[in-house]
Every structure is written in C-alpha cells, then in structure tokens.
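Here the structure comes first, spelled out in structure tokens, and everything after it is commentary.
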Amino acid sequence: MALTILVTGATAGFGAAMARRFVGDGHRVIAAARRVDRLEALRKELGAAVLALTLDVTDADAVSALPGSLPADWRDVDVLVNNAGLARGLDPAHKASMADWDHMVAVNVSGMMHMTHALLPGMVARNRGHVINISSTAAIYPYPGGHVYGASKAFVTQFSLNLRADLVGTGVRVTDLEPGLVGGTEFSVNRFGGDAERAGKVYAGTVPLTADDIAEAAAWVVGLPAHMNINRMEIMPTCQAPGPLAIKRA
Ligand code: 8X3
C-alpha cells in the first residue's frame, strides 16, 4: 500500500537514502529540510512522488503549523521519520562548547519533539501511523567525547519507548532505530566543523554501515504487517561491537 512518509533532514545522509528508497518502494515522500537548493534537486531527481518542504525542525511555530500548512492531499501523514539530527564536537565534556551542546539539544531533542507533537494527534485520530525515530548506539553505549550527543540520543530512545506506552491500544506504531558506525554521510564532517580529513579517520580500516543500510532497515519496519511493532533496532557493522568498560590503571 502506498504511504505518505514525512522525512526530516531529507536532503543528506540517511534522509536522502530513505527518501530514495521509499519512493522506489512506491510511497510518497514529504522531504523536509532547511536547504532549498538541495530540496529542489531531490524533488527533480525523484519527481512528483516528492513534496519538498522547507522546514527547520527547531522552529517550533513553523512545525506546529503542520500538517495544516501541507497541501490537502498530503496532510494524512502515515509515517513520520524523525531523522534530522547532528553531532558537534568530540572533545571531552570539560572542553566542549556550550553552543555545540545547545545546538545538539535543539535539533536532536527539541526538533524531534516539535515534529512528533505536530503530527501525532492526526495519526491517533486516524488510528494509523508510524513514528520512526533515528537514535544511535550512542544512546546506549557511552564513549569519550559523546556527552551531550549520547545523552540527546538516549532521550530519543527513551521518548520512543514512552510514546509506545501512550499509544498502546491505538494503531500507531513507534520504532527507534539505533545505528552505530555509518560511513559515507556528512555526519562526521559536520561533527568536526567541516574537517573532512579528521572525519575520514573515523572510518579508516573499517567497513561501516551505509545510509542505504539504514534505509533498508526503515523500509523493512514500514512494510511490516500492522500488528507488528519493532520497538528498538540496534544496528552495527560487523566490524563494530560494544567494548569493555574503561579501566584506568596506575
Ligand atoms: C552515530 C554513531 O558512534 O558516531 O550516532 O556516535 S557514533
């Protein structure tokens, strides 16, 4: 069945991969992002199955105007993918920038809340829908320099599970996707303020996941029968695993 799927952060990384995959699977995608030129390029590439929506998820007023501001035949959003998110910095907490911390909370936490708050009532009223939140293995496994990024993703994961608690008894599903090391996106370049060389070192000698792998997971959960809800899905490349706890020896 063709679904209407709203993807935030749709012009790069996971978001663009999911938009392509969903359209390829016969769905319609509301591609939401800040960058108009990239949105236009995506719409041109994927055609009429895409509605380009210029939106900053941190703009609470603009988000709360959804879905009323969408064209009438795009308003009944079946799936919301809260994909917009970012990391800033990898310095230890005592050297981190407060602006970076605020930025991560604004997008990863508040942006996701704004979108969910705007679209969830319609899903419940229609008794159908699916919220897919993009969390991270950083939600579960701490690492040096993860501080607010990891904490923001822990919020995403716990928010997802708490949404399920409220939505049980409705037809609305919630899935928390938790990817580990994913290469080939702008994630690490952004984290390091545009330093592509430093970003490249994160993936040196690895076979990381790709954005298409995450799109594959999203396509799978979306296509499951309505009575199946995947609560959490933790995904790592085969070359990655949870490590031992740190011990500082004298
Ligand atoms: C991205 C995975 O390990 O860079 O969420 O935090 S990691």
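Within each chain, counting starts at residue 1; across the structure tokens, chains are named A, B, ... in the order shown, with ligands numbered 1 upward in that order.
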
Once you count only C-alpha atoms and all ligand atoms, what closest atom pair and distance in Å to one decimal does each residue of chain A within 6 Å of ligand 1 have, with rows by chain and rising residue number, as a tab-separated table?
residue	atom	partner	partner_atom_place_in_ligand_line	distance
A:Ser136	CA	ligand 1	5 (O)	4.3
A:Thr137	CA	ligand 1	2 (C)	5.9
A:Ala138	CA	ligand 1	6 (O)	4.7
A:Gly180	CA	ligand 1	2 (C)	4.4
A:Leu181	CA	ligand 1	2 (C)	5.1

Residues as selected, all heavy atoms, written as a short mmCIF file (atom, residue, chain, number, x, y, z; two decimals), in the first residue's frame, can you do that?
data_model
loop_
_atom_site.label_atom_id
_atom_site.label_comp_id
_atom_site.auth_asym_id
_atom_site.auth_seq_id
_atom_site.Cartn_x
_atom_site.Cartn_y
_atom_site.Cartn_z
N SER A 136 20.68 6.26 18.07
CA SER A 136 22.09 5.90 17.82
C SER A 136 22.52 4.87 18.85
O SER A 136 21.96 4.81 19.96
CB SER A 136 22.96 7.15 17.97
OG SER A 136 24.34 6.82 18.03
N THR A 137 23.55 4.11 18.51
CA THR A 137 24.16 3.25 19.54
C THR A 137 24.71 4.12 20.68
O THR A 137 24.86 3.64 21.80
CB THR A 137 25.29 2.40 18.95
OG1 THR A 137 26.17 3.26 18.19
CG2 THR A 137 24.75 1.31 18.05
N ALA A 138 24.98 5.40 20.37
CA ALA A 138 25.47 6.32 21.41
C ALA A 138 24.43 6.55 22.50
O ALA A 138 24.75 7.05 23.58
CB ALA A 138 25.86 7.66 20.77
N GLY A 180 24.96 2.28 14.53
CA GLY A 180 26.33 2.51 15.01
C GLY A 180 27.13 3.25 13.96
O GLY A 180 26.68 4.28 13.42
N LEU A 181 28.28 2.70 13.62
CA LEU A 181 29.20 3.38 12.69
C LEU A 181 28.65 3.36 11.27
O LEU A 181 28.48 2.29 10.68
CB LEU A 181 30.55 2.64 12.74
CG LEU A 181 31.74 3.30 12.06
CD1 LEU A 181 32.21 4.51 12.87
CD2 LEU A 181 32.88 2.30 11.91
#

Mind checking DSSP for range 137-196 of chain A and telling me the alpha helix (DSSP H) residues as a ChimeraX atom specification?
/A:147-167,187-191,196

Fewer than 3 positions away in the same chain doesn't count, so skip those; otherwise give me all residues within 9 Å of Phe14 in chain A, counting only C-alpha atoms, as an MDAnalysis selection string.
chainID A and resid 9:11 17:19 83 185 210:215

Which of range 127-208 of chain A DSSP labels strand (DSSP E or B), written as a list in words
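The residues of range 127-208 of chain A classed as strand (DSSP E or B) are Gly129, His130, Val131, Ile132, Asn133, Ile134, Val168, Thr170, Val172, Arg173, Val174, Thr175, Asp176, Leu177, Glu178, Pro179 and Val182 of chain A.
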
Residues from the last selection, N, CA, C and O atoms, saved as a PDB file, in the first residue's frame:
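Heads up, here's the output in out-v8.pdb:
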ATOM      1  N   GLY A 129      -0.638   4.955  11.776  1.00  0.00           N
ATOM      2  CA  GLY A 129       0.543   5.804  11.658  1.00  0.00           C
ATOM      3  C   GLY A 129       1.759   5.108  12.219  1.00  0.00           C
ATOM      4  O   GLY A 129       1.666   4.008  12.797  1.00  0.00           O
ATOM      5  N   HIS A 130       2.904   5.731  12.023  1.00  0.00           N
ATOM      6  CA  HIS A 130       4.165   5.139  12.469  1.00  0.00           C
ATOM      7  C   HIS A 130       5.166   6.273  12.664  1.00  0.00           C
ATOM      8  O   HIS A 130       5.381   7.070  11.749  1.00  0.00           O
ATOM      9  N   VAL A 131       5.731   6.344  13.839  1.00  0.00           N
ATOM     10  CA  VAL A 131       6.813   7.299  14.109  1.00  0.00           C
ATOM     11  C   VAL A 131       8.113   6.501  14.168  1.00  0.00           C
ATOM     12  O   VAL A 131       8.220   5.558  14.958  1.00  0.00           O
ATOM     13  N   ILE A 132       9.054   6.877  13.306  1.00  0.00           N
ATOM     14  CA  ILE A 132      10.372   6.231  13.331  1.00  0.00           C
ATOM     15  C   ILE A 132      11.384   7.280  13.770  1.00  0.00           C
ATOM     16  O   ILE A 132      11.564   8.316  13.112  1.00  0.00           O
ATOM     17  N   ASN A 133      11.991   7.039  14.913  1.00  0.00           N
ATOM     18  CA  ASN A 133      12.978   7.977  15.432  1.00  0.00           C
ATOM     19  C   ASN A 133      14.384   7.433  15.178  1.00  0.00           C
ATOM     20  O   ASN A 133      14.659   6.268  15.451  1.00  0.00           O
ATOM     21  N   ILE A 134      15.240   8.305  14.662  1.00  0.00           N
ATOM     22  CA  ILE A 134      16.628   7.892  14.425  1.00  0.00           C
ATOM     23  C   ILE A 134      17.445   8.246  15.660  1.00  0.00           C
ATOM     24  O   ILE A 134      17.755   9.417  15.916  1.00  0.00           O
ATOM     25  N   VAL A 168      -0.257   2.443  23.027  1.00  0.00           N
ATOM     26  CA  VAL A 168      -0.772   1.077  23.030  1.00  0.00           C
ATOM     27  C   VAL A 168      -2.308   1.150  23.059  1.00  0.00           C
ATOM     28  O   VAL A 168      -2.890   1.995  23.738  1.00  0.00           O
ATOM     29  N   THR A 170      -3.844   1.956  20.296  1.00  0.00           N
ATOM     30  CA  THR A 170      -4.115   2.623  19.021  1.00  0.00           C
ATOM     31  C   THR A 170      -3.385   1.838  17.921  1.00  0.00           C
ATOM     32  O   THR A 170      -2.585   0.951  18.204  1.00  0.00           O
ATOM     33  N   VAL A 172      -1.145   3.158  16.094  1.00  0.00           N
ATOM     34  CA  VAL A 172       0.053   3.941  15.781  1.00  0.00           C
ATOM     35  C   VAL A 172       1.297   3.225  16.319  1.00  0.00           C
ATOM     36  O   VAL A 172       1.366   2.891  17.505  1.00  0.00           O
ATOM     37  N   ARG A 173       2.260   3.014  15.438  1.00  0.00           N
ATOM     38  CA  ARG A 173       3.487   2.301  15.809  1.00  0.00           C
ATOM     39  C   ARG A 173       4.629   3.293  16.058  1.00  0.00           C
ATOM     40  O   ARG A 173       4.633   4.405  15.527  1.00  0.00           O
ATOM     41  N   VAL A 174       5.578   2.859  16.852  1.00  0.00           N
ATOM     42  CA  VAL A 174       6.782   3.674  17.111  1.00  0.00           C
ATOM     43  C   VAL A 174       7.992   2.761  17.059  1.00  0.00           C
ATOM     44  O   VAL A 174       7.995   1.691  17.686  1.00  0.00           O
ATOM     45  N   THR A 175       8.996   3.182  16.317  1.00  0.00           N
ATOM     46  CA  THR A 175      10.236   2.400  16.211  1.00  0.00           C
ATOM     47  C   THR A 175      11.433   3.313  16.434  1.00  0.00           C
ATOM     48  O   THR A 175      11.509   4.403  15.867  1.00  0.00           O
ATOM     49  N   ASP A 176      12.350   2.848  17.250  1.00  0.00           N
ATOM     50  CA  ASP A 176      13.601   3.574  17.500  1.00  0.00           C
ATOM     51  C   ASP A 176      14.728   2.831  16.774  1.00  0.00           C
ATOM     52  O   ASP A 176      15.045   1.691  17.120  1.00  0.00           O
ATOM     53  N   LEU A 177      15.299   3.474  15.769  1.00  0.00           N
ATOM     54  CA  LEU A 177      16.424   2.873  15.043  1.00  0.00           C
ATOM     55  C   LEU A 177      17.724   3.402  15.632  1.00  0.00           C
ATOM     56  O   LEU A 177      17.893   4.620  15.779  1.00  0.00           O
ATOM     57  N   GLU A 178      18.632   2.508  15.941  1.00  0.00           N
ATOM     58  CA  GLU A 178      19.865   2.893  16.637  1.00  0.00           C
ATOM     59  C   GLU A 178      21.091   2.426  15.853  1.00  0.00           C
ATOM     60  O   GLU A 178      21.662   1.383  16.124  1.00  0.00           O
ATOM     61  N   PRO A 179      21.500   3.222  14.860  1.00  0.00           N
ATOM     62  CA  PRO A 179      22.681   2.827  14.073  1.00  0.00           C
ATOM     63  C   PRO A 179      23.984   3.108  14.815  1.00  0.00           C
ATOM     64  O   PRO A 179      24.081   4.061  15.583  1.00  0.00           O
ATOM     65  N   VAL A 182      28.365   4.541  10.740  1.00  0.00           N
ATOM     66  CA  VAL A 182      27.842   4.655   9.376  1.00  0.00           C
ATOM     67  C   VAL A 182      28.742   5.608   8.595  1.00  0.00           C
ATOM     68  O   VAL A 182      28.907   6.772   8.984  1.00  0.00           O
TER      69      VAL A 182
END

I'd like to know which of A:Leu119, A:Ala165, A:Gly200, A:His103 is closest to Gly68 in chain A, using only C-alpha atoms.
A:Leu119

Check the smallest atom-to-atom distance from each of A:Leu86, A:Val50, A:Ile230, A:Met112 to Leu161 in chain A using only C-alpha atoms, then report the winner.
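Ranked by minimum distance to Leu161 in chain A, first place goes to A:Ile230.
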
Of the candidates A:Ala72, A:Ala218, A:Leu90, A:Ala84, which one gets nearest to Val105 in chain A if we count only C-alpha atoms?
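Of the candidates, the smallest distance to Val105 in chain A is held by A:Ala84.
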
Excluding Thr116 in chain A and residues on its chain fewer than 6 positions from it, collect all residues at most 12 Å away from it, counting only C-alpha atoms, and give them as a ChimeraX atom specification.
/A:6-8,57,60,63-64,66-67,77,79-83,109-110,122-124,129-133,156,159-160,163,174

Find, counting only C-alpha atoms, the residue in A:Ala139, A:Ala196, A:Ile5, A:Ala12 that gets nearest to His27 in chain A.
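The shortest atom-to-atom distance to His27 in chain A comes from A:Ile5.
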
Provide the CA of Leu51 in chain A to CA of Ala31 in chain A distance in Å, to one decimal place.
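Rounded to one decimal, the two atoms are 6.0 Å apart.
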